[in-house]
Structures are given as structure tokens and as C-alpha cells.
Amino acid sequence: MTSFNAVFSSLPVTVFDTMSQLARDTGAINLGQGFPDDPGPEDVRRRAAEAVLHESNQYPPMAGAAALRAAVAEHYRRFQAVTLDPEREVLITSGATEAIACALLALLEPGDEAVLLQPLYDAYLPLVLRAGGRPRLVSLTPPDWRLDEAAIRAAVGPRTKLVLLNNPLNPAGAVYGRAELEGLARTLAGSDALLVADEVWEHVVFDGRRHVSVMSVPGLAERAVKIGSAGKIFGLTGWKVGFVCAPAATLRVIAKAHQFLTFTTPPNLQAAVAYGLGKDALWFDLMRAGLQAKRDRLAAGFAEAGLTPLPSAGTYFLNVDLAPLGVTDDAAFCDRLVREAGVAAIPVSSFYAESKVTTAARFCFAKDDATLDRAAERVAAFTRRF
Ligand code: GLN
């Protein structure tokens, strides 16, 4: 018998792909995997089309097209008031998942500890394990998913190579502001740990919030490996254009991993993202306002049906507390919901490796109003049976 790598051979297919496939097979409304049904900004898509027709389709530079690296640096100067050297501190990747893989493979040595906060995006743990890292899990809990300083302090030790933070936090919809990040800086003071910050939802924050990047917080900036995603910024999730920003010495080694994972990223998409990152502040405000209205619409639909939506300060996601329905197994609930009610959602337990929260379901609200209304009606009819 051939034996394969233990980490990958023991993994299930990701819950996102599984649920999307189930939704396709059953004809269900797919509020599972997070992607908008809006086609995305036409000018950005047009720029990609122009580039594929009229510009080079050969390998761009390994670290990313110069125009995009400059646009990333300029974007964060504008939105985070930070100064980045586009040539030494910015790397373009084929999506944020590749960026995370590059960072973990490049930074971890076998035996190094990585502090992971649960709920955690499903790629983190297998990638830490594949890199030989030893996970130290810290659990955050609903409804406010507070960054528990004492628990993080207890998990950080002399073998900690890095802490992995997702802010805004998928699936919780929590957004950590300057005060919480300064608390994290105090917690990490005196440690050499790097801070890998998955900030892909940075522009998708609501109720007047503004994202605070770890790059702008003293005590975190020097240790920060910031990851961003054009897919999330422009609602073009299939494009898979991500970026990493880090101090030059750290970025250089992450680029060594990137050169053997994907090497580069399609040049037309890089050109279009460079263009899009230059959009004026109004575009970002309108994008946020549109999504906030959808969040409110779905939350109102659920609340009217007697369900208990949890707060969502950012991301495309709204969680429903299933405990009041007497549900203790969110995975079984979501399986029945897609098959019997025709609505796909993601069980929040799939974002935990241990000590799971098993009483919440995550719904993506980046959909047409009619789709949201129909989904809320179906969920309401289904849960009336509980
Ligand atoms: N980030 C998306 C979500 O949380 C999933 C992305 C993927 O399926 N790789 O729904």
C-alpha cells in the first residue's frame, strides 16, 4: 500500500467545497461558501479583459507586477497611513490562501509553536502541521468572541514562532479595533513571535467601523506579516489575487516559498487589481453600505422568524445561534437544512479543532435581496418544526 502524507491524506474535502457541491446537487440556495452573486465592479473586470487582449500574457515578475506592488503600497498609505517599500515589503500571491501557505511554510521550523485562535479558518491548522509546527489553540467564544489576553499570554512561550490572527474574524463576524490590537501588542511584548495577520476582510466592516491593520500598531508592525485579498476587496473571489506585506527580511523568505508554490499570478488580473486599488474612498463606502443593508435584511428576516442572529461587525457572514432551538449539533443541523429546506449554510463547529462551539450556523448575506428573502423564509419554515 502506498502511504501518503499523513496531514493531507487524513483531511476531508473543505466544508466550503462540500457544501457548495451539495447545494449544486440539491438545487439549494447557497449561503454557505462566502462569495457574492453580484458580478463585481465592471471597470475592474474590463481592465482585466483589456489587459488579456492588449498586454503581455507571459510570466510577470515572481514577486508581482511592479504596478500592483506600487498600488498595494499606495493603498495602505491611503487607508492605513503606513509606509511600505513596494519592492522590498510587498509580495503578490495567487490568493490569500497561497499567502498563508507561503508564510507558514517559510517561517515555521519543525517543532516551532504556532498560536492559533479558534474559530480558525480551515486552512490554518493543516498548513501549520504540514510545516512541522506545533499548534497551540486558544478558543474565542460567542457572542462577542473577545481576544482573551490572558489565554493568549498563557499560550505564548519561548518556542512560539508565530501567532496567527484573522481580523475581521471569519466566521464570527467580529472586528478587533485599535484598543484590542494594542492589548495584543502588550501581550506579545518581550516575545520574538511573528504575527501573521489574515486581514482579507479589511474593507468589509460595518456600522461606521474602520479596519485597523496590525501594520499600523506599534509593537505589532515590526512583527507583522499582513495578508490581504483582492477577491474579498472587490467581490471577485475566483480571481485569487492576494498580497503579503512584511518587513523586508521576513518578506524575502516568504517569497522563496511563493516561488515554488505558484511562482506568479495571472498578469491581467494583477493589472486590474492595481487599477481597482486606486478607486476612491466613496466606492469602498458604497460597497460596505450595500453589504450592511444585506446583513440587516437577512438578520431582520431571521429575527422575524423567531431565530437569534448574532452580531456581525464585518465579513460577508451572519451567524444564527441555534441553542435556543435546542440544537446541539450544528453540522447535523446544516446537513438537514440543505437537504430538507434547500438552504446551504456552514456549521461554525467546522472552524474549531477542539472544544468546539457546536450551536451556530454561518450564513453568507452577499446575495440578491430576493434570494435572501427566500432563504430566510425557508429557514423559518424549517426551524418552526423544532
Ligand atoms: N473564505 C471563504 C468562506 O469562508 C471560502 C473560501 C474557499 O472556499 N476556499 O466561505
# chains A, B, ... in the order shown; residues from 1 in each chain; ligands from 1
$ closest_atom_pairs --of "chain A" --to "ligand 1" --cutoff "8 Å" --atoms "only C-alpha atoms and all ligand atoms" --output "CSV"
residue,atom,partner,partner_atom_place_in_ligand_line,distance
A:Thr14,CA,ligand 1,8 (O),7.1
A:Val15,CA,ligand 1,8 (O),7.7
A:Phe16,CA,ligand 1,8 (O),4.7
A:Asp17,CA,ligand 1,8 (O),5.9
A:Gly32,CA,ligand 1,10 (O),6.5
A:Gln33,CA,ligand 1,10 (O),3.7
A:Gly34,CA,ligand 1,10 (O),3.4
A:Phe35,CA,ligand 1,10 (O),6.8
A:Thr97,CA,ligand 1,9 (N),7.4
A:Tyr121,CA,ligand 1,4 (O),7.2
A:Asn170,CA,ligand 1,4 (O),6.4
A:Pro171,CA,ligand 1,4 (O),6.8
A:Thr237,CA,ligand 1,6 (C),7.9
A:Cys364,CA,ligand 1,10 (O),7.7
$ write_last_selection --atoms "N, CA and C atoms" --output "short mmCIF file (atom, residue, chain, number, x, y, z; two decimals), in the first residue's frame"
data_model
loop_
_atom_site.label_atom_id
_atom_site.label_comp_id
_atom_site.auth_asym_id
_atom_site.auth_seq_id
_atom_site.Cartn_x
_atom_site.Cartn_y
_atom_site.Cartn_z
N THR A 14 -12.70 20.40 1.92
CA THR A 14 -13.09 21.53 2.75
C THR A 14 -14.62 21.65 2.81
N VAL A 15 -15.09 22.12 3.96
CA VAL A 15 -16.52 22.26 4.20
C VAL A 15 -17.15 23.20 3.17
N PHE A 16 -16.35 24.16 2.66
CA PHE A 16 -16.90 25.13 1.70
C PHE A 16 -17.22 24.45 0.37
N ASP A 17 -16.26 23.65 -0.09
CA ASP A 17 -16.46 22.96 -1.36
C ASP A 17 -17.55 21.89 -1.21
N GLY A 32 -23.70 29.17 1.89
CA GLY A 32 -22.59 28.51 2.59
C GLY A 32 -21.27 29.22 2.29
N GLN A 33 -20.56 28.70 1.27
CA GLN A 33 -19.29 29.31 0.87
C GLN A 33 -19.48 30.80 0.62
N GLY A 34 -18.52 31.61 1.07
CA GLY A 34 -18.69 33.06 1.01
C GLY A 34 -18.28 33.65 -0.33
N PHE A 35 -19.27 33.91 -1.18
CA PHE A 35 -19.00 34.64 -2.42
C PHE A 35 -20.25 35.40 -2.81
N THR A 97 -5.01 32.37 0.45
CA THR A 97 -4.69 31.02 0.95
C THR A 97 -3.26 30.66 0.57
N TYR A 121 -9.92 29.62 10.39
CA TYR A 121 -10.18 29.29 9.00
C TYR A 121 -9.56 27.92 8.71
N ASN A 170 -13.51 35.63 10.39
CA ASN A 170 -14.41 34.67 9.75
C ASN A 170 -14.35 33.37 10.56
N PRO A 171 -15.43 32.82 11.01
CA PRO A 171 -16.83 33.08 10.70
C PRO A 171 -17.54 33.99 11.70
N THR A 237 -14.12 36.63 -5.98
CA THR A 237 -13.40 35.63 -5.20
C THR A 237 -12.67 34.59 -6.05
N CYS A 364 -24.06 33.33 4.48
CA CYS A 364 -23.46 34.41 3.68
C CYS A 364 -24.59 35.31 3.15
#
$ select_by_dssp --residues "region 33-193 of chain A" --states "alpha helix (DSSP H)" --output "PyMOL selection string"
chain A and resi 42-54+66-80+86-89+96-107+124-130+149-155+178-188
$ atom_distance --atom1 "CA of Asp198 (chain A)" --atom2 "CA of Val217 (chain A)"
15.1 Å
$ residues_around --residues "Asp148 (chain A)" --least-positions-apart "3" --cutoff "12 Å" --atoms "only C-alpha atoms" --output "PyMOL selection string"
chain A and resi 117-118+138-141+144-145+151-155+176+180-181+183-184+187
$ write_last_selection --atoms "C-alpha atoms" --output "mmCIF file, in the first residue's frame"
data_model
loop_
_atom_site.group_PDB
_atom_site.id
_atom_site.type_symbol
_atom_site.label_atom_id
_atom_site.label_comp_id
_atom_site.auth_asym_id
_atom_site.auth_seq_id
_atom_site.Cartn_x
_atom_site.Cartn_y
_atom_site.Cartn_z
ATOM 1 C CA LEU A 117 -7.145 31.393 17.664
ATOM 2 C CA GLN A 118 -10.338 29.380 17.304
ATOM 3 C CA VAL A 138 -6.790 29.457 22.072
ATOM 4 C CA SER A 139 -10.597 29.493 21.947
ATOM 5 C CA LEU A 140 -12.739 32.577 21.455
ATOM 6 C CA THR A 141 -16.422 32.271 22.269
ATOM 7 C CA ASP A 144 -18.509 38.734 21.409
ATOM 8 C CA TRP A 145 -15.533 36.468 20.552
ATOM 9 C CA ALA A 151 -5.382 32.945 27.342
ATOM 10 C CA ILE A 152 -3.125 34.278 24.587
ATOM 11 C CA ARG A 153 -0.425 35.171 27.134
ATOM 12 C CA ALA A 154 -0.625 31.642 28.529
ATOM 13 C CA ALA A 155 -0.208 30.138 25.036
ATOM 14 C CA TYR A 176 -10.910 43.921 16.615
ATOM 15 C CA GLU A 180 -7.748 45.211 21.307
ATOM 16 C CA LEU A 181 -4.725 45.251 18.996
ATOM 17 C CA GLY A 183 -3.691 44.805 24.091
ATOM 18 C CA LEU A 184 -2.256 42.125 21.817
ATOM 19 C CA THR A 187 0.704 40.564 25.376
#
$ residues_around --residues "region 319-336 of chain A" --least-positions-apart "6" --cutoff "10 Å" --atoms "only C-alpha atoms" --output "PyMOL selection string"
chain A and resi 19+22+32+142-143+171-173+299+302-303+306-312+342-350+357-364+382-386
$ atom_distance --atom1 "CA of Arg295 (chain A)" --atom2 "CA of Ala274 (chain A)"
28.7 Å
$ residues_around --residues "region 46-51 of chain A" --least-positions-apart "2" --cutoff "6 Å" --atoms "only C-alpha atoms" --output "list in words"
Glu42, Asp43, Val44, Leu53, His54, Glu55, Asn268, Leu269 and Ala272 of chain A
$ closest_residue --among "A:Gly177, A:Pro126, A:Gly235, A:Pro60" --to "Gly40 (chain A)" --atoms "only C-alpha atoms"
A:Gly235
$ closest_residue --among "A:Trp201, A:Pro267, A:Glu87, A:Pro158" --to "Ala73 (chain A)" --atoms "only C-alpha atoms"
A:Glu87
$ closest_residue --among "A:Gly64, A:Val212, A:Ala185, A:Tyr124" --to "Leu147 (chain A)" --atoms "only C-alpha atoms"
A:Ala185
$ select_by_dssp --residues "region 193-230 of chain A" --states "strand (DSSP E)" --output "number ranges by chain"
A: 194-198, 224-229
$ atom_distance --atom1 "CA of Asp369 (chain A)" --atom2 "CA of Asn30 (chain A)"
13.6 Å
$ closest_residue --among "A:Ala249, A:Leu127, A:Ile227, A:Leu236" --to "Leu11 (chain A)" --atoms "only C-alpha atoms"
A:Leu127
$ residues_around --residues "Gly95 (chain A)" --least-positions-apart "5" --cutoff "9 Å" --atoms "only C-alpha atoms" --output "count of residues only"
13
$ closest_residue --among "A:Gln80, A:Leu31, A:Leu195, A:Pro61" --to "Asp373 (chain A)" --atoms "only C-alpha atoms"
A:Leu31
